[in-house]
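Asks: Here you go, this is upload.cif (mmCIF, C-alpha atoms and all ligand atoms).
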```cif
data_structure
#
loop_
_atom_site.label_atom_id
_atom_site.label_comp_id
_atom_site.auth_asym_id
_atom_site.auth_seq_id
_atom_site.Cartn_x
_atom_site.Cartn_y
_atom_site.Cartn_z
CA ASN A 79 21.56 -18.80 34.54
CA LYS A 80 20.14 -21.72 32.56
CA ASN A 81 21.78 -22.31 29.17
CA TYR A 82 18.85 -22.84 26.79
CA ILE A 83 21.22 -23.17 23.82
CA GLU A 84 22.87 -26.32 25.10
CA SER A 85 21.89 -29.43 23.10
CA LYS A 86 19.56 -27.53 20.77
CA VAL A 87 19.66 -28.66 17.13
CA VAL A 88 20.51 -25.51 15.15
CA ILE A 89 20.77 -25.07 11.37
CA ILE A 90 22.55 -22.01 10.01
CA MET A 91 22.14 -21.10 6.33
CA GLY A 92 24.88 -18.76 5.06
CA ALA A 93 27.43 -19.96 7.61
CA SER A 94 30.62 -19.96 5.50
CA SER A 95 31.68 -16.44 6.50
CA GLY A 96 30.76 -13.30 8.44
CA ILE A 97 27.80 -13.31 10.80
CA GLY A 98 26.81 -16.93 10.07
CA GLU A 99 30.32 -18.22 10.72
CA ALA A 100 30.64 -16.24 13.96
CA THR A 101 27.24 -17.53 15.09
CA ALA A 102 28.22 -21.13 14.35
CA ARG A 103 31.33 -20.72 16.53
CA ARG A 104 29.37 -19.11 19.33
CA LEU A 105 26.49 -21.62 19.41
CA ALA A 106 28.80 -24.65 19.06
CA LYS A 107 30.77 -23.45 22.07
CA ASP A 108 27.51 -23.01 23.97
CA GLY A 109 26.80 -26.71 23.39
CA ALA A 110 24.38 -26.65 20.45
CA LYS A 111 24.35 -29.33 17.75
CA VAL A 112 25.05 -27.15 14.75
CA ILE A 113 24.59 -27.85 11.05
CA ILE A 114 26.18 -25.22 8.81
CA SER A 115 25.36 -24.66 5.16
CA ALA A 116 26.36 -22.37 2.27
CA ARG A 117 27.74 -22.74 -1.26
CA ARG A 118 31.52 -22.66 -0.58
CA GLU A 119 32.44 -26.15 0.59
CA ASP A 120 36.11 -25.30 1.35
CA ARG A 121 35.04 -22.63 3.84
CA LEU A 122 32.45 -24.88 5.50
CA GLU A 123 34.93 -27.72 5.81
CA LYS A 124 37.56 -25.43 7.37
CA LEU A 125 35.05 -24.05 9.85
CA ALA A 126 33.77 -27.49 10.83
CA ASP A 127 37.38 -28.68 11.26
CA SER A 128 38.24 -25.74 13.50
CA LEU A 129 35.23 -26.65 15.67
CA SER A 130 35.92 -30.40 15.79
CA ALA A 131 35.94 -30.28 19.59
CA TYR A 132 32.22 -29.43 19.37
CA ASN A 133 29.20 -30.86 17.59
CA VAL A 134 29.30 -29.30 14.11
CA LYS A 135 28.41 -30.82 10.73
CA TYR A 136 28.27 -29.16 7.34
CA GLN A 137 26.27 -29.61 4.17
CA VAL A 138 26.71 -27.64 0.95
CA GLY A 139 23.59 -25.96 -0.39
CA ASP A 140 22.22 -22.98 -2.29
CA VAL A 141 19.32 -21.25 -0.52
CA ARG A 142 17.85 -20.27 -3.89
CA VAL A 143 17.16 -23.95 -4.55
CA PHE A 144 14.37 -25.40 -2.40
CA GLU A 145 15.64 -28.98 -2.83
CA ASP A 146 19.03 -27.94 -1.40
CA VAL A 147 17.43 -26.38 1.67
CA GLN A 148 15.14 -29.37 2.10
CA ALA A 149 18.18 -31.68 1.93
CA VAL A 150 19.87 -29.80 4.79
CA ILE A 151 16.70 -30.05 6.88
CA ASN A 152 16.46 -33.77 6.07
CA THR A 153 20.06 -34.32 7.21
CA ALA A 154 19.28 -32.70 10.55
CA MET A 155 16.16 -34.86 10.96
CA THR A 156 17.99 -38.07 10.07
CA GLU A 157 20.83 -37.18 12.44
CA TYR A 158 18.91 -35.80 15.42
CA GLY A 159 15.18 -36.43 14.85
CA ARG A 160 14.23 -32.82 15.53
CA ILE A 161 15.07 -29.21 14.68
CA ASP A 162 14.98 -26.54 17.36
CA VAL A 163 16.35 -23.56 15.45
CA LEU A 164 16.66 -22.52 11.80
CA TYR A 165 18.70 -19.38 11.19
CA ASN A 166 18.08 -17.98 7.68
CA ASN A 167 21.16 -15.77 7.41
CA ALA A 168 22.31 -16.14 3.78
CA GLY A 169 22.25 -12.86 1.86
CA ILE A 170 23.97 -10.78 -0.80
CA MET A 171 24.23 -7.01 -1.17
CA PRO A 172 25.32 -5.88 -4.64
CA LEU A 173 24.36 -2.22 -4.09
CA ASN A 174 23.83 -0.02 -7.13
CA PRO A 175 21.68 2.95 -8.08
CA LEU A 176 18.49 1.92 -9.86
CA SER A 177 19.63 3.88 -12.93
CA LYS A 178 22.35 1.27 -13.56
CA LEU A 179 19.52 -1.12 -14.49
CA ARG A 180 21.30 -4.18 -13.11
CA LEU A 181 18.42 -6.58 -13.56
CA ASP A 182 20.72 -9.55 -12.97
CA GLU A 183 21.64 -8.23 -9.51
CA TRP A 184 18.02 -7.44 -8.66
CA GLN A 185 16.98 -10.97 -9.52
CA ALA A 186 19.88 -12.45 -7.53
CA MET A 187 18.91 -10.39 -4.45
CA LEU A 188 15.24 -11.38 -4.72
CA ASP A 189 16.18 -15.04 -5.13
CA THR A 190 18.75 -15.14 -2.32
CA ASN A 191 17.49 -12.66 0.26
CA ILE A 192 13.74 -13.30 -0.06
CA MET A 193 13.25 -16.74 -1.64
CA GLY A 194 16.15 -18.07 0.44
CA VAL A 195 14.25 -17.19 3.62
CA LEU A 196 10.97 -18.55 2.23
CA ASN A 197 12.64 -21.80 1.16
CA GLY A 198 13.93 -22.22 4.71
CA ILE A 199 10.49 -21.57 6.16
CA ALA A 200 8.84 -23.99 3.72
CA ALA A 201 11.30 -26.77 4.51
CA VAL A 202 11.13 -26.52 8.29
CA LEU A 203 7.62 -25.33 9.16
CA PRO A 204 5.83 -28.70 8.83
CA ILE A 205 8.44 -30.24 11.15
CA MET A 206 8.20 -27.49 13.76
CA GLU A 207 4.40 -27.57 13.63
CA LYS A 208 4.50 -31.30 14.32
CA GLN A 209 6.94 -30.72 17.19
CA GLY A 210 4.80 -27.90 18.57
CA SER A 211 7.97 -25.89 19.07
CA GLY A 212 10.85 -24.31 17.23
CA GLN A 213 12.47 -20.99 16.41
CA ILE A 214 13.11 -19.45 13.01
CA LEU A 215 15.45 -16.48 12.78
CA ALA A 216 16.36 -14.34 9.79
CA THR A 217 19.08 -11.78 9.35
CA ASP A 218 17.31 -8.64 8.30
CA SER A 219 19.09 -5.28 8.56
CA VAL A 220 18.75 -1.65 9.47
CA ALA A 221 18.12 -1.61 5.70
CA GLY A 222 14.83 -3.37 6.50
CA HIS A 223 13.74 -0.07 8.06
CA VAL A 224 15.71 2.67 6.29
CA VAL A 225 16.35 3.17 2.56
CA GLU A 226 19.62 4.79 1.44
CA GLN A 227 20.86 5.83 -2.00
CA THR A 228 22.00 2.68 -3.88
CA SER A 229 20.08 0.38 -1.52
CA ALA A 230 16.58 0.52 -3.05
CA VAL A 231 16.45 -3.13 -4.10
CA TYR A 232 18.55 -4.51 -1.22
CA ALA A 233 16.41 -2.58 1.28
CA GLY A 234 13.34 -3.80 -0.60
CA THR A 235 14.39 -7.39 0.04
CA LYS A 236 15.05 -6.65 3.71
CA PHE A 237 11.70 -4.85 4.15
CA ALA A 238 10.15 -8.00 2.65
CA VAL A 239 12.04 -10.31 5.02
CA ARG A 240 10.77 -8.27 7.98
CA ALA A 241 7.19 -8.52 6.71
CA ILE A 242 7.52 -12.27 6.16
CA MET A 243 9.00 -12.87 9.62
CA GLU A 244 6.33 -10.74 11.29
CA GLY A 245 3.62 -12.62 9.40
CA LEU A 246 5.22 -15.90 10.42
CA ARG A 247 5.22 -14.82 14.05
CA LYS A 248 1.53 -13.91 14.04
CA GLU A 249 0.44 -17.05 12.19
CA GLU A 250 2.55 -19.56 14.12
CA LYS A 251 2.68 -18.19 17.68
CA ASP A 252 -0.15 -20.45 18.83
CA MET A 253 1.81 -23.44 17.52
CA GLY A 254 4.63 -22.50 19.89
CA ILE A 255 6.87 -21.41 17.02
CA ARG A 256 9.05 -18.36 17.58
CA SER A 257 10.04 -15.87 14.88
CA THR A 258 13.06 -13.62 15.42
CA ILE A 259 14.37 -10.79 13.25
CA ILE A 260 18.07 -9.88 13.59
CA SER A 261 18.68 -6.32 12.36
CA PRO A 262 22.33 -5.28 12.36
CA GLY A 263 23.78 -2.02 11.13
CA LEU A 264 27.20 -2.03 9.48
CA VAL A 265 29.17 -5.24 10.17
CA ASP A 266 32.76 -5.95 9.02
CA THR A 267 32.27 -8.95 6.73
CA GLU A 268 32.80 -10.01 3.13
CA LEU A 269 29.35 -8.68 2.18
CA TYR A 270 30.82 -5.47 0.79
CA THR A 271 32.87 -7.43 -1.75
CA THR A 272 29.59 -8.15 -3.59
CA VAL A 273 29.48 -4.45 -4.61
CA ASP A 274 31.18 -4.16 -8.00
CA ASP A 275 30.17 -0.64 -9.03
CA GLU A 276 33.03 1.87 -8.48
CA ASP A 277 30.81 4.89 -7.77
CA THR A 278 28.86 2.86 -5.22
CA GLN A 279 32.07 1.63 -3.59
CA ALA A 280 33.31 5.23 -3.26
CA TYR A 281 29.96 6.30 -1.80
CA LEU A 282 30.08 3.47 0.75
CA LYS A 283 33.68 4.23 1.70
CA GLN A 284 32.78 7.83 2.39
CA LYS A 285 29.76 6.78 4.43
CA ALA A 286 31.80 4.26 6.43
CA LYS A 287 34.14 7.11 7.40
CA ILE A 288 31.20 9.03 8.80
CA ASP A 289 29.66 6.04 10.51
CA GLY A 290 32.90 4.72 12.00
CA LEU A 291 34.02 1.12 11.94
CA GLY A 292 31.53 -1.67 11.50
CA LEU A 293 30.67 -4.19 14.21
CA ASN A 294 32.61 -7.40 14.63
CA PRO A 295 30.52 -10.35 13.42
CA GLU A 296 31.10 -11.86 16.90
CA THR A 297 29.11 -8.98 18.39
CA VAL A 298 26.15 -9.85 16.15
CA ALA A 299 26.59 -13.55 17.02
CA ASN A 300 26.21 -12.60 20.70
CA ALA A 301 22.90 -10.93 19.86
CA VAL A 302 21.73 -14.06 18.01
CA ALA A 303 22.73 -16.20 21.00
CA TYR A 304 20.74 -13.90 23.28
CA ALA A 305 17.67 -14.32 21.07
CA ILE A 306 17.97 -18.13 21.21
CA ASN A 307 18.86 -18.32 24.89
CA GLN A 308 15.33 -17.66 26.15
CA PRO A 309 12.79 -19.81 27.96
CA GLU A 310 10.04 -21.48 25.86
CA GLY A 311 7.40 -18.84 26.62
CA ALA A 312 9.51 -15.85 25.58
CA THR A 313 10.22 -14.63 22.06
CA VAL A 314 12.81 -12.01 21.19
CA THR A 315 10.95 -10.65 18.17
CA GLU A 316 13.65 -8.30 16.86
CA VAL A 317 17.18 -7.33 17.80
CA PHE A 318 18.73 -4.07 16.57
CA ILE A 319 22.45 -3.68 16.86
CA ARG A 320 24.34 -0.78 15.30
CA PRO A 321 27.89 0.52 15.51
CA THR A 322 27.69 3.29 18.10
CA ARG A 323 28.57 5.99 15.59
CA GLN A 324 26.20 4.81 12.86
CA GLU A 325 23.26 7.08 12.09
P1 LIG A 401 29.06 -12.54 4.22
O1 LIG A 401 29.19 -12.24 2.77
O2 LIG A 401 30.29 -12.77 5.02
O3 LIG A 401 28.10 -13.79 4.45
C1 LIG A 401 27.05 -14.12 3.59
C2 LIG A 401 26.75 -15.60 3.74
O4 LIG A 401 25.63 -15.94 2.90
C3 LIG A 401 27.91 -16.45 3.29
O5 LIG A 401 28.05 -17.57 4.15
C4 LIG A 401 27.49 -16.91 1.90
O6 LIG A 401 28.08 -18.17 1.62
C5 LIG A 401 26.00 -17.04 2.10
N1 LIG A 401 25.25 -17.04 0.84
C6 LIG A 401 25.16 -16.08 -0.09
N2 LIG A 401 24.41 -16.49 -1.13
C7 LIG A 401 24.02 -17.77 -0.82
C8 LIG A 401 23.25 -18.74 -1.50
N3 LIG A 401 22.68 -18.50 -2.69
N4 LIG A 401 23.05 -19.94 -0.90
C9 LIG A 401 23.60 -20.20 0.30
N5 LIG A 401 24.35 -19.32 0.99
C10 LIG A 401 24.55 -18.11 0.42
O7 LIG A 401 28.23 -11.32 4.81
P2 LIG A 401 27.45 -11.10 6.20
O8 LIG A 401 27.86 -12.03 7.24
O9 LIG A 401 27.54 -9.65 6.45
O10 LIG A 401 25.94 -11.41 5.74
C11 LIG A 401 25.04 -12.23 6.44
C12 LIG A 401 23.67 -11.60 6.45
O11 LIG A 401 23.72 -10.37 7.18
C13 LIG A 401 23.10 -11.22 5.07
O12 LIG A 401 21.75 -11.60 5.01
C14 LIG A 401 23.23 -9.71 5.05
O13 LIG A 401 22.29 -9.13 4.19
C15 LIG A 401 23.02 -9.37 6.49
N6 LIG A 401 23.48 -8.07 6.96
C16 LIG A 401 24.81 -7.73 6.86
C17 LIG A 401 25.24 -6.47 7.27
C18 LIG A 401 26.67 -6.03 7.12
O14 LIG A 401 26.93 -4.82 7.29
N7 LIG A 401 27.62 -6.89 6.83
C19 LIG A 401 24.31 -5.52 7.88
C20 LIG A 401 22.97 -6.02 7.99
C21 LIG A 401 22.58 -7.23 7.54
P3 LIG A 401 28.49 -18.73 0.17
O15 LIG A 401 28.99 -17.58 -0.63
O16 LIG A 401 29.56 -19.72 0.51
O17 LIG A 401 27.27 -19.37 -0.36
#
```
Translate this file's structure into structure tokens.
Replies:
Amino acid sequence: NKNYIESKVVIIMGASSGIGEATARRLAKDGAKVIISARREDRLEKLADSLSAYNVKYQVGDVRVFEDVQAVINTAMTEYGRIDVLYNNAGIMPLNPLSKLRLDEWQAMLDTNIMGVLNGIAAVLPIMEKQGSGQILATDSVAGHVVEQTSAVYAGTKFAVRAIMEGLRKEEKDMGIRSTIISPGLVDTELYTTVDDEDTQAYLKQKAKIDGLGLNPETVANAVAYAINQPEGATVTEVFIRPTRQE
């Protein structure tokens, strides 16, 4: 089997923990040139150090800020002269019922989960169009298809990401640019620490009992690797991966 990941230039936004971190490990070991980004520099530095046997660089950035995302893209171009893959994975999930009126959280989710993805697309699309090739992935969610209590706004952002990625696919397919949606169910990561409402935490705990344990982030990273490890003419448009016992 040919390894299409080997020597690809891959940028991962939101790579300091969870799915992004696991994906960085997986793709680095498969021989990709990986640039990892997020806000927490200590975590990025530790991850890059632990992968020093491979080709991994890090750059701090906030996906809500276009200039930050652009700077990461520029680093990759200066270093390697091309970008094969951009993985827009950064996201937050401060779940709450709408009645709590947490406008600050709503704005943060819109800015991170939606504008973060759009900033990535804006920064990389001109380069990929010039190359006539490239792949953009985004971590969506089962929440991009199904709305639960407390998830109205989070699911709204993930429905939006799915629409944006599908639009991107249709508009850019003739340019040879691939668009891939990664839609996991429950994954054991730090994402749940962004929920600060006690009632919502209790609701999620009870649901997790019904659903069973979440996936390992490594399992999702394998799915991402599968989506990248395809020949030029094939696009994995969406990957669903749920814990077996999740609804
Ligand atoms: P984590 O909290 O472990 O990872 C989130 C990542 O996003 C971190 O690296 C974080 O880094 C980064 N991030 C958050 N805000 C920003 C920002 N403004 N700028 C740059 N980076 C940012 O959780 P997961 O691995 O679970 O989450 C990854 C993605 O997977 C998210 O999009 C999430 O919505 C999605 N997802 C998760 C599921 C789950 O059950 N865990 C299920 C389905 C989808 P830092 O804080 O250092 O900036």
Asks: Choose the residue, out of A:Glu157, A:Glu276, A:Glu207, A:Glu296, that has the smallest atom-to-atom separation from ligand LIG 401 (chain A); count all atoms listed in the file.
Replies: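 The closest residue to ligand LIG 401 (chain A) is A:Glu296.
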Asks: Using all atoms listed in the file, which residue out of A:Ile89, A:Asn152, A:Glu99, A:Leu269 lies closest to A:Lys135?
Replies: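 Closest residue, counting all atoms listed in the file: A:Ile89.
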Asks: Could you give me, as CSV, a per-residue list for chain A showing, wherever an atom lies at most 6 Å from an atom of ligand LIG 401 (chain A), the closest pair of atoms and their distance in Å to one decimal, using all atoms listed in the file and sorting by chain then residue number from low to high?
Replies:
```
residue,atom,partner,partner_atom,distance
A:Gly92,CA,A:LIG401,O5,3.5
A:Ala93,CA,A:LIG401,O5,4.3
A:Ser94,CA,A:LIG401,O5,3.8
A:Ser95,CA,A:LIG401,O2,4.2
A:Gly96,CA,A:LIG401,O8,3.4
A:Ile97,CA,A:LIG401,O8,3.8
A:Gly98,CA,A:LIG401,O8,5.8
A:Ala116,CA,A:LIG401,N5,3.9
A:Arg117,CA,A:LIG401,O17,3.5
A:Arg118,CA,A:LIG401,O16,3.7
A:Gly139,CA,A:LIG401,C9,5.8
A:Asp140,CA,A:LIG401,N4,3.4
A:Val141,CA,A:LIG401,N4,4.0
A:Arg142,CA,A:LIG401,N3,5.3
A:Asn167,CA,A:LIG401,O12,4.8
A:Ala168,CA,A:LIG401,O4,3.4
A:Gly169,CA,A:LIG401,O12,3.4
A:Ile170,CA,A:LIG401,C6,5.5
A:Thr190,CA,A:LIG401,N3,5.2
A:Thr217,CA,A:LIG401,O12,5.1
A:Asp218,CA,A:LIG401,C21,5.5
A:Ser219,CA,A:LIG401,C20,4.0
A:Pro262,CA,A:LIG401,C20,4.5
A:Gly263,CA,A:LIG401,C19,4.8
A:Leu264,CA,A:LIG401,O14,3.6
A:Val265,CA,A:LIG401,O14,3.7
A:Asp266,CA,A:LIG401,N7,5.7
A:Thr267,CA,A:LIG401,O2,4.6
A:Glu268,CA,A:LIG401,O2,4.2
A:Leu269,CA,A:LIG401,O1,3.6
```
Asks: For A:Lys285, which residue among A:Gln227, A:Ser177, A:Ser115, A:Ser211 is the nearest when counting all atoms listed in the file?
Replies: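 Residue with the minimum atom-to-atom distance to A:Lys285: A:Gln227.
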Asks: A:Ala301: which residues within 9 Å, counting only C-alpha atoms, same-chain residues fewer than 4 positions away excluded, as a PDB file with C-alpha atoms, keeping the file's coordinate frame?
Replies:
```
ATOM      1  CA  ILE A 260      18.070  -9.880  13.590  1.00  0.00           C
ATOM      2  CA  GLU A 296      31.100 -11.860  16.900  1.00  0.00           C
ATOM      3  CA  THR A 297      29.110  -8.980  18.390  1.00  0.00           C
ATOM      4  CA  ALA A 305      17.670 -14.320  21.070  1.00  0.00           C
ATOM      5  CA  ILE A 306      17.970 -18.130  21.210  1.00  0.00           C
ATOM      6  CA  VAL A 317      17.180  -7.330  17.800  1.00  0.00           C
ATOM      7  CA  PHE A 318      18.730  -4.070  16.570  1.00  0.00           C
ATOM      8  CA  ILE A 319      22.450  -3.680  16.860  1.00  0.00           C
TER       9      ILE A 319
END
```
Asks: Determine the nearest neighbour of A:Asn191 from the options A:Asn133, A:Asn307, A:Asn174, A:Thr235, counting all atoms listed in the file.
Replies: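 When distances to A:Asn191 are compared using all atoms listed in the file, the smallest one comes from A:Thr235.
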Asks: Would you mind telling me which residue in A:Lys283, A:Lys208, A:His223, A:Arg320 lies nearest to A:Glu250 when using only C-alpha atoms?
Replies: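 The closest residue to A:Glu250 is A:Lys208.
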Asks: Could you tell me how far atom CA of A:Val112 sits from atom CA of A:Ser85, in Å to one decimal place?
Replies: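 Interatomic distance here is 9.2 Å.
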Asks: Grab the atom CA of A:Arg180 to atom CA of A:Ala230 distance for me, in Å with one decimal place.
Replies: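 Going from atom CA of A:Arg180 over to atom CA of A:Ala230 covers 12.1 Å.
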Asks: What gap, in Å, lies between atom CA of A:Ala299 and atom CA of A:Val87?
Replies: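 So the two atoms, atom CA of A:Ala299 and atom CA of A:Val87, lie 16.6 Å apart.
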Asks: Please list, as a PyMOL selection string, the residues that have an atom at most 10 Å away from (17.6, -20.8, 19.1) in the coordinates of this file, counting only C-alpha atoms.
Replies: chain A and resi 82-84+86-89+105+110+161-165+212-215+256-258+302-308
Asks: Take the point (6.9, -22.1, 21.5) in the file's coordinates, draw a sphere of radius 7 Å around it, and report as a PDB file with C-alpha atoms, in the frame of the given file every protein, DNA or RNA residue with an atom inside or on it, counting only C-alpha atoms.
Replies:
```pdb
ATOM      1  CA  GLY A 210       4.800 -27.900  18.570  1.00  0.00           C
ATOM      2  CA  SER A 211       7.970 -25.890  19.070  1.00  0.00           C
ATOM      3  CA  GLY A 212      10.850 -24.310  17.230  1.00  0.00           C
ATOM      4  CA  LYS A 251       2.680 -18.190  17.680  1.00  0.00           C
ATOM      5  CA  MET A 253       1.810 -23.440  17.520  1.00  0.00           C
ATOM      6  CA  GLY A 254       4.630 -22.500  19.890  1.00  0.00           C
ATOM      7  CA  ILE A 255       6.870 -21.410  17.020  1.00  0.00           C
ATOM      8  CA  ARG A 256       9.050 -18.360  17.580  1.00  0.00           C
ATOM      9  CA  GLU A 310      10.040 -21.480  25.860  1.00  0.00           C
ATOM     10  CA  GLY A 311       7.400 -18.840  26.620  1.00  0.00           C
TER      11      GLY A 311
END
```
